[in-house]
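Text of model-v8.cif, listed as mmCIF, C-alpha atoms:
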data_entry
#
loop_
_atom_site.label_atom_id
_atom_site.label_comp_id
_atom_site.auth_asym_id
_atom_site.auth_seq_id
_atom_site.Cartn_x
_atom_site.Cartn_y
_atom_site.Cartn_z
CA MET A 53 37.67 -20.46 -73.51
CA ASP A 54 37.88 -22.85 -76.45
CA ARG A 55 40.46 -21.61 -78.89
CA LYS A 56 38.98 -21.14 -82.35
CA ILE A 57 40.79 -21.17 -85.66
CA ILE A 58 39.44 -18.98 -88.45
CA PHE A 59 40.24 -19.41 -92.13
CA LEU A 60 39.63 -16.41 -94.39
CA ASP A 61 39.52 -16.32 -98.16
CA ILE A 62 40.94 -13.09 -99.59
CA ASP A 63 39.32 -11.89 -102.83
CA GLY A 64 35.66 -11.07 -102.31
CA THR A 65 35.87 -12.04 -98.64
CA LEU A 66 38.59 -10.18 -96.78
CA THR A 67 39.15 -7.65 -99.59
CA GLU A 68 37.43 -6.39 -102.67
CA PRO A 69 38.48 -8.67 -105.55
CA GLY A 70 42.05 -8.03 -106.63
CA ARG A 71 42.82 -5.53 -103.86
CA ASN A 72 45.47 -5.67 -101.15
CA GLU A 73 43.82 -3.47 -98.53
CA ILE A 74 41.26 -4.79 -96.09
CA PRO A 75 38.49 -2.78 -94.41
CA GLU A 76 39.46 -1.19 -91.12
CA SER A 77 36.77 -3.22 -89.35
CA ALA A 78 38.24 -6.48 -90.68
CA ALA A 79 41.78 -5.53 -89.65
CA ARG A 80 40.46 -4.71 -86.18
CA ALA A 81 38.57 -8.01 -85.99
CA VAL A 82 41.62 -10.06 -86.98
CA ALA A 83 43.87 -8.28 -84.48
CA GLN A 84 41.34 -8.59 -81.64
CA ALA A 85 40.65 -12.26 -82.36
CA ARG A 86 44.36 -13.03 -82.08
CA GLN A 87 44.62 -10.96 -78.91
CA GLU A 88 41.79 -13.02 -77.44
CA GLY A 89 43.74 -16.21 -78.11
CA HIS A 90 42.35 -17.43 -81.43
CA TYR A 91 44.25 -18.34 -84.59
CA VAL A 92 43.52 -16.53 -87.86
CA PHE A 93 44.74 -17.90 -91.21
CA LEU A 94 44.52 -16.74 -94.79
CA CYS A 95 43.11 -19.50 -97.01
CA THR A 96 43.22 -18.43 -100.62
CA GLY A 97 43.56 -19.41 -104.22
CA ARG A 98 46.28 -16.77 -104.56
CA ASN A 99 49.87 -17.92 -104.79
CA TYR A 100 52.31 -16.85 -102.08
CA ASP A 101 53.62 -13.89 -104.05
CA MET A 102 50.13 -12.47 -104.53
CA LEU A 103 49.08 -12.88 -100.90
CA LYS A 104 52.26 -11.41 -99.37
CA PRO A 105 50.92 -7.82 -99.29
CA LEU A 106 48.23 -8.96 -96.83
CA LEU A 107 50.71 -10.36 -94.31
CA ARG A 108 51.32 -6.91 -92.87
CA TYR A 109 47.92 -7.15 -91.17
CA GLY A 110 49.12 -10.06 -89.02
CA PHE A 111 48.10 -13.71 -89.41
CA ASP A 112 49.14 -16.98 -87.81
CA GLY A 113 49.71 -18.68 -91.14
CA VAL A 114 48.65 -19.00 -94.75
CA ILE A 115 47.11 -21.54 -97.06
CA GLY A 116 48.04 -20.51 -100.58
CA SER A 117 47.44 -21.85 -104.10
CA SER A 118 44.12 -23.45 -103.06
CA GLY A 119 45.89 -25.67 -100.54
CA GLY A 120 49.10 -26.43 -102.45
CA TYR A 121 51.24 -24.43 -100.02
CA VAL A 122 50.62 -24.30 -96.26
CA GLU A 123 52.61 -22.28 -93.74
CA CYS A 124 51.74 -22.48 -90.05
CA LEU A 125 53.37 -20.28 -87.40
CA GLU A 126 56.22 -19.53 -89.85
CA LYS A 127 56.84 -23.22 -90.59
CA VAL A 128 56.04 -24.77 -93.98
CA ILE A 129 53.99 -27.91 -93.33
CA PHE A 130 52.92 -28.72 -96.92
CA ASP A 131 54.39 -27.80 -100.31
CA CYS A 132 53.06 -29.53 -103.44
CA PRO A 133 53.73 -27.94 -106.85
CA MET A 134 53.03 -29.91 -110.04
CA THR A 135 55.64 -32.32 -111.28
CA GLU A 136 57.38 -31.28 -114.49
CA LYS A 137 55.46 -33.92 -116.43
CA GLN A 138 52.15 -32.69 -115.00
CA ARG A 139 52.99 -29.10 -115.84
CA GLN A 140 53.85 -29.88 -119.44
CA THR A 141 50.71 -31.97 -119.89
CA VAL A 142 48.38 -29.35 -118.40
CA MET A 143 49.88 -26.49 -120.39
CA GLU A 144 49.71 -28.34 -123.70
CA ILE A 145 46.14 -29.59 -123.28
CA LEU A 146 44.84 -26.14 -122.30
CA LYS A 147 46.66 -24.50 -125.21
CA THR A 148 45.38 -27.09 -127.67
CA ASN A 149 41.81 -26.37 -126.58
CA GLY A 150 42.18 -22.60 -126.92
CA ILE A 151 41.94 -21.91 -123.18
CA PHE A 152 43.76 -18.90 -121.73
CA ARG A 153 46.22 -19.85 -118.98
CA THR A 154 47.68 -18.03 -115.99
CA VAL A 155 50.24 -20.16 -114.16
CA GLU A 156 50.83 -19.46 -110.49
CA CYS A 157 54.32 -19.99 -109.08
CA MET A 158 55.82 -19.16 -105.71
CA ASP A 159 57.51 -16.00 -107.02
CA GLY A 160 54.82 -14.67 -109.33
CA SER A 161 52.21 -15.44 -111.96
CA TYR A 162 52.54 -15.61 -115.74
CA THR A 163 49.70 -15.17 -118.17
CA ASP A 164 49.04 -15.75 -121.85
CA GLU A 165 49.63 -12.46 -123.64
CA GLY A 166 46.10 -12.28 -125.08
CA LEU A 167 44.29 -12.56 -121.76
CA LYS A 168 44.20 -8.87 -120.86
CA GLU A 169 42.64 -8.00 -124.21
CA PHE A 170 40.21 -10.89 -123.76
CA PHE A 171 39.03 -9.49 -120.43
CA LYS A 172 38.76 -5.96 -121.80
CA SER A 173 36.60 -7.12 -124.69
CA HIS A 174 34.09 -8.52 -122.17
CA ALA A 175 34.49 -5.82 -119.52
CA ASP A 176 30.93 -4.54 -119.79
CA GLU A 177 29.23 -7.93 -119.87
CA GLY A 178 29.05 -8.68 -116.15
CA GLY A 179 31.32 -11.01 -114.21
CA ASN A 180 31.55 -13.12 -111.08
CA SER A 181 34.02 -12.47 -108.27
CA GLU A 182 36.82 -14.58 -109.69
CA MET A 183 36.67 -13.01 -113.16
CA LEU A 184 36.62 -9.53 -111.62
CA ARG A 185 39.55 -10.49 -109.44
CA TRP A 186 41.72 -11.43 -112.40
CA ARG A 187 40.76 -8.41 -114.50
CA GLU A 188 41.52 -6.10 -111.58
CA GLN A 189 44.82 -7.79 -110.81
CA ILE A 190 46.06 -7.65 -114.38
CA GLU A 191 45.09 -4.01 -114.79
CA GLN A 192 46.80 -3.08 -111.52
CA SER A 193 49.94 -5.08 -112.40
CA LEU A 194 50.02 -7.18 -109.24
CA HIS A 195 53.10 -9.04 -110.43
CA ILE A 196 51.28 -10.94 -113.17
CA LEU A 197 53.83 -11.11 -115.95
CA PRO A 198 53.63 -12.15 -119.63
CA MET A 199 54.02 -15.87 -120.33
CA SER A 200 57.12 -15.02 -122.36
CA GLU A 201 58.89 -14.27 -119.07
CA TYR A 202 58.04 -17.64 -117.54
CA LYS A 203 61.23 -19.69 -117.08
CA GLY A 204 59.87 -23.04 -115.97
CA GLN A 205 59.45 -22.40 -112.24
CA PRO A 206 57.32 -24.95 -110.34
CA VAL A 207 53.59 -24.35 -110.90
CA TYR A 208 51.02 -24.82 -108.13
CA LYS A 209 47.85 -24.28 -110.17
CA VAL A 210 46.59 -22.77 -113.39
CA VAL A 211 43.80 -20.22 -113.64
CA ILE A 212 41.83 -20.64 -116.86
CA ALA A 213 39.49 -18.47 -118.95
CA GLY A 214 37.56 -18.90 -122.17
CA THR A 215 34.17 -18.81 -123.84
CA SER A 216 33.67 -22.44 -124.88
CA MET A 217 32.24 -24.88 -122.35
CA GLU A 218 32.92 -27.65 -124.87
CA ALA A 219 36.63 -26.79 -124.86
CA MET A 220 36.64 -26.75 -121.05
CA ALA A 221 34.93 -30.16 -121.02
CA ARG A 222 37.51 -31.64 -123.41
CA ALA A 223 40.39 -30.38 -121.29
CA GLN A 224 38.72 -31.57 -118.11
CA GLU A 225 38.21 -35.06 -119.54
CA ALA A 226 41.87 -35.26 -120.62
CA LEU A 227 43.15 -34.21 -117.19
CA LYS A 228 40.54 -35.81 -114.91
CA ASP A 229 42.82 -38.49 -113.45
CA GLU A 230 45.13 -36.02 -111.73
CA PHE A 231 43.37 -32.65 -111.70
CA ASP A 232 40.09 -31.09 -110.64
CA PHE A 233 38.49 -28.25 -112.60
CA CYS A 234 36.77 -25.61 -110.48
CA ILE A 235 34.59 -23.79 -113.01
CA GLN A 236 32.92 -20.60 -111.81
CA GLU A 237 29.24 -20.20 -112.59
CA ARG A 238 28.41 -18.38 -115.81
CA ASP A 239 26.80 -14.97 -115.56
CA GLY A 240 25.07 -14.60 -118.93
CA SER A 241 28.07 -12.94 -120.57
CA GLY A 242 29.38 -16.13 -122.13
CA MET A 243 32.55 -15.90 -120.04
CA ILE A 244 33.87 -19.03 -118.37
CA ASN A 245 36.69 -19.01 -115.84
CA GLY A 246 38.06 -21.33 -113.23
CA GLU A 247 41.09 -23.18 -111.92
CA VAL A 248 42.93 -26.39 -112.62
CA VAL A 249 44.01 -27.82 -109.26
CA ASN A 250 46.01 -30.92 -108.41
CA LYS A 251 43.91 -33.64 -106.79
CA GLU A 252 46.61 -33.97 -104.15
CA PHE A 253 45.17 -30.99 -102.28
CA ASP A 254 42.31 -28.55 -101.83
CA LYS A 255 41.40 -25.88 -99.29
CA GLY A 256 39.46 -28.38 -97.19
CA ARG A 257 42.36 -30.78 -96.78
CA ALA A 258 44.66 -27.84 -96.08
CA LEU A 259 42.32 -26.77 -93.28
CA GLU A 260 42.51 -30.29 -91.87
CA ARG A 261 46.32 -30.21 -92.04
CA VAL A 262 46.49 -26.99 -90.07
CA CYS A 263 44.01 -28.13 -87.43
CA SER A 264 45.90 -31.40 -87.00
CA TYR A 265 49.24 -29.60 -86.73
CA LEU A 266 47.88 -27.26 -84.06
CA ASN A 267 45.87 -30.01 -82.35
CA ILE A 268 42.61 -28.09 -82.70
CA PRO A 269 39.37 -30.01 -83.36
CA ILE A 270 37.80 -29.37 -86.76
CA SER A 271 34.61 -28.52 -84.87
CA ASP A 272 36.39 -25.42 -83.51
CA SER A 273 37.20 -24.10 -86.98
CA ILE A 274 35.36 -21.35 -88.87
CA ALA A 275 35.82 -20.77 -92.61
CA ILE A 276 34.61 -17.71 -94.50
CA GLY A 277 34.58 -17.48 -98.30
CA ASP A 278 32.65 -16.19 -101.28
CA SER A 279 33.15 -18.39 -104.36
CA MET A 280 32.98 -22.02 -105.40
CA ASN A 281 36.71 -22.51 -104.98
CA ASP A 282 35.94 -22.14 -101.25
CA LEU A 283 33.52 -25.09 -101.34
CA GLU A 284 35.76 -27.72 -99.70
CA MET A 285 36.90 -25.24 -97.08
CA LEU A 286 33.34 -24.41 -96.02
CA GLN A 287 32.26 -28.07 -96.12
CA THR A 288 35.21 -29.15 -93.96
CA ALA A 289 35.11 -26.44 -91.30
CA GLY A 290 33.05 -26.75 -88.17
CA THR A 291 31.19 -23.64 -89.36
CA GLY A 292 31.19 -22.52 -93.01
CA ILE A 293 30.13 -18.94 -93.77
CA CYS A 294 29.51 -17.34 -97.17
CA MET A 295 29.69 -13.61 -97.83
CA GLN A 296 26.49 -11.88 -98.90
CA ASN A 297 28.31 -10.81 -102.07
CA GLY A 298 29.29 -14.41 -102.77
CA SER A 299 28.17 -17.21 -105.08
CA GLU A 300 24.50 -18.15 -104.87
CA LYS A 301 25.48 -21.81 -105.06
CA LEU A 302 27.87 -21.43 -102.14
CA LYS A 303 25.23 -19.64 -100.06
CA LYS A 304 23.00 -22.68 -100.33
CA ILE A 305 25.76 -24.93 -99.02
CA ALA A 306 27.07 -22.64 -96.27
CA ASP A 307 25.96 -22.87 -92.63
CA ASP A 308 25.46 -19.12 -92.50
CA ILE A 309 25.71 -15.91 -94.54
CA CYS A 310 27.38 -12.75 -93.28
CA PRO A 311 27.24 -9.19 -94.67
CA SER A 312 29.30 -8.34 -97.75
CA VAL A 313 32.96 -7.37 -97.81
CA LEU A 314 31.88 -3.72 -98.17
CA GLU A 315 29.49 -3.93 -95.20
CA ASP A 316 31.92 -5.05 -92.47
CA GLY A 317 31.09 -8.73 -93.03
CA ILE A 318 34.19 -10.18 -91.37
CA TYR A 319 33.71 -8.06 -88.25
CA ALA A 320 30.04 -9.00 -88.06
CA ALA A 321 30.83 -12.72 -88.37
CA PHE A 322 33.54 -12.55 -85.70
CA VAL A 323 31.12 -10.87 -83.29
CA LYS A 324 28.23 -13.25 -84.05
CA TYR A 325 30.36 -16.34 -83.43
CA GLN A 326 31.97 -14.80 -80.34
CA VAL A 327 35.48 -14.82 -81.74
CA ILE A 328 35.69 -11.24 -80.52
CA HIS A 329 33.74 -9.45 -77.82
CA VAL A 330 32.53 -5.89 -77.88
CA GLY A 331 31.49 -3.60 -75.07
#
Final structure tokens representation of the file:
Amino acid sequence: MDRKIIFLDIDGTLTEPGRNEIPESAARAVAQARQEGHYVFLCTGRNYDMLKPLLRYGFDGVIGSSGGYVECLEKVIFDCPMTEKQRQTVMEILKTNGIFRTVECMDGSYTDEGLKEFFKSHADEGGNSEMLRWREQIEQSLHILPMSEYKGQPVYKVVIAGTSMEAMARAQEALKDEFDFCIQERDGSGMINGEVVNKEFDKGRALERVCSYLNIPISDSIAIGDSMNDLEMLQTAGTGICMQNGSEKLKKIADDICPSVLEDGIYAAFVKYQVIHVG
């Protein structure tokens, strides 16, 4: 048997956006895959603090903060927060352009005080998986604290939200030398959201780091995601799978599409690609 390594996004893939419980079928699939000798990793935009509740289900490692933090078999193999100069520059440019900021640190996340009201004012206007994720997380108080409580801890990435594409473009131009902007597709509501991520890492390079560390060929890797911040992960993996509930753009790029998170998609994908066997 060739040992496979599976990388799973969380929000919209393994769980409903913003939730910390996974379907019973997915929990069973993960446990059985590991019993059959395969590795299963979380690969998420969440910071470590926000992904910790999922660890009780049992995984071989985690890729957090869109690749900025990588832990493999309980050993940290990559850790790359922003420098203090980078942090100050990013925060100031986003603020100057009127863009709401949520900074993600190892111990928690801190958000501009007006963001919750901003989401609520657009709550009935639609939303993609990432916007829904953040609205759900804030409303359920998943350790996202007011920016006033931020004390300068190292920042891995910044989640952004606003209504002006021109403002996003100005900020992107100012930061383009060191940072990538992952802007989620607009849904007709006028809402724009995304992430500012250091060019030193992404989910795809994190996947490569893990495979190299474990001496597993990239061709034996499977990545499953749902939104455009999973793009590099799906492009890098031997097999890239998009959830049925995922981004239409990502579906066009993916090698395959599996059922939605609410229709036992992870279990179905594991069976189809013979990561687990039934009967």
For this structure, which residues satisfy the selection - the PyMOL selection byres ((chain A and resi 87) around 12) - when it is evaluated on the file as given? I want them as an mmCIF file with C-alpha atoms, keeping the file's coordinate frame.
data_model
loop_
_atom_site.group_PDB
_atom_site.id
_atom_site.type_symbol
_atom_site.label_atom_id
_atom_site.label_comp_id
_atom_site.auth_asym_id
_atom_site.auth_seq_id
_atom_site.Cartn_x
_atom_site.Cartn_y
_atom_site.Cartn_z
ATOM 1 C CA ARG A 55 40.460 -21.610 -78.890
ATOM 2 C CA ARG A 80 40.460 -4.710 -86.180
ATOM 3 C CA ALA A 81 38.570 -8.010 -85.990
ATOM 4 C CA VAL A 82 41.620 -10.060 -86.980
ATOM 5 C CA ALA A 83 43.870 -8.280 -84.480
ATOM 6 C CA GLN A 84 41.340 -8.590 -81.640
ATOM 7 C CA ALA A 85 40.650 -12.260 -82.360
ATOM 8 C CA ARG A 86 44.360 -13.030 -82.080
ATOM 9 C CA GLU A 88 41.790 -13.020 -77.440
ATOM 10 C CA GLY A 89 43.740 -16.210 -78.110
ATOM 11 C CA HIS A 90 42.350 -17.430 -81.430
ATOM 12 C CA TYR A 91 44.250 -18.340 -84.590
ATOM 13 C CA VAL A 92 43.520 -16.530 -87.860
ATOM 14 C CA GLY A 110 49.120 -10.060 -89.020
ATOM 15 C CA PHE A 111 48.100 -13.710 -89.410
ATOM 16 C CA ASP A 112 49.140 -16.980 -87.810
ATOM 17 C CA VAL A 327 35.480 -14.820 -81.740
ATOM 18 C CA ILE A 328 35.690 -11.240 -80.520
ATOM 19 C CA HIS A 329 33.740 -9.450 -77.820
#
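Using all atoms listed in the file, the nearest neighbour of Leu314 of chain A within the list A:Ile58, A:Thr163, A:Gln140, A:Glu73 is A:Glu73.
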> Can you list, as an MDAnalysis selection string, the residues that the PyMOL selection byres ((chain A and resi 127) around 12) selects here?
Replying inline: chainID A and resid 112:115 121:126 128:131 262 265:266
> Near segment 195-207 of chain A, counting only C-alpha atoms, which residues have an atom at most 7 Å away, once you skip same-chain residues fewer than 6 positions from it, shown as a list in words?
Replying inline: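 My list of contacting residues is Pro133, Met134, Arg139, Val155, Glu156, Cys157, Gly160, Ser161, Tyr162, Thr163, Asp164 and Glu165 of chain A.
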> Which one is closest to Met158 of chain A: A:Ala289, A:Met102, A:Val211, A:Leu94? Count all atoms listed in the file.
Replying inline: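 Looking at the shortest contact to Met158 of chain A, the residue is A:Met102.
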Expected file for segment 131-166 of chain A keeping C-alpha atoms, as a PDB file, in the first residue's frame:
ATOM      1  CA  ASP A 131       7.073  29.292  11.995  1.00  0.00           C
ATOM      2  CA  CYS A 132       6.966  32.618  10.132  1.00  0.00           C
ATOM      3  CA  PRO A 133       5.070  35.544  11.681  1.00  0.00           C
ATOM      4  CA  MET A 134       5.459  39.053  10.232  1.00  0.00           C
ATOM      5  CA  THR A 135       8.408  41.131  11.318  1.00  0.00           C
ATOM      6  CA  GLU A 136       7.538  44.107  13.503  1.00  0.00           C
ATOM      7  CA  LYS A 137       8.216  46.471  10.607  1.00  0.00           C
ATOM      8  CA  GLN A 138       5.944  44.460   8.319  1.00  0.00           C
ATOM      9  CA  ARG A 139       3.187  44.415  10.905  1.00  0.00           C
ATOM     10  CA  GLN A 140       3.275  48.159  11.424  1.00  0.00           C
ATOM     11  CA  THR A 141       3.292  48.824   7.684  1.00  0.00           C
ATOM     12  CA  VAL A 142       0.383  46.486   6.938  1.00  0.00           C
ATOM     13  CA  MET A 143      -1.756  47.793   9.780  1.00  0.00           C
ATOM     14  CA  GLU A 144      -1.232  51.436   8.858  1.00  0.00           C
ATOM     15  CA  ILE A 145      -1.875  51.013   5.137  1.00  0.00           C
ATOM     16  CA  LEU A 146      -5.090  49.047   5.720  1.00  0.00           C
ATOM     17  CA  LYS A 147      -6.326  51.590   8.259  1.00  0.00           C
ATOM     18  CA  THR A 148      -5.507  54.509   5.969  1.00  0.00           C
ATOM     19  CA  ASN A 149      -7.588  52.924   3.208  1.00  0.00           C
ATOM     20  CA  GLY A 150     -10.592  52.298   5.457  1.00  0.00           C
ATOM     21  CA  ILE A 151     -10.264  48.507   5.413  1.00  0.00           C
ATOM     22  CA  PHE A 152     -11.426  46.505   8.431  1.00  0.00           C
ATOM     23  CA  ARG A 153      -8.654  44.359   9.932  1.00  0.00           C
ATOM     24  CA  THR A 154      -8.601  41.154  11.964  1.00  0.00           C
ATOM     25  CA  VAL A 155      -5.069  40.202  12.994  1.00  0.00           C
ATOM     26  CA  GLU A 156      -4.346  36.549  13.671  1.00  0.00           C
ATOM     27  CA  CYS A 157      -1.781  35.681  16.331  1.00  0.00           C
ATOM     28  CA  MET A 158      -0.791  32.372  17.875  1.00  0.00           C
ATOM     29  CA  ASP A 159      -2.894  32.973  20.999  1.00  0.00           C
ATOM     30  CA  GLY A 160      -5.969  34.581  19.471  1.00  0.00           C
ATOM     31  CA  SER A 161      -7.365  37.053  16.975  1.00  0.00           C
ATOM     32  CA  TYR A 162      -8.085  40.757  17.360  1.00  0.00           C
ATOM     33  CA  THR A 163     -10.539  42.698  15.254  1.00  0.00           C
ATOM     34  CA  ASP A 164     -11.402  46.324  14.583  1.00  0.00           C
ATOM     35  CA  GLU A 165     -14.302  47.241  16.846  1.00  0.00           C
ATOM     36  CA  GLY A 166     -16.609  48.236  13.977  1.00  0.00           C
TER      37      GLY A 166
END
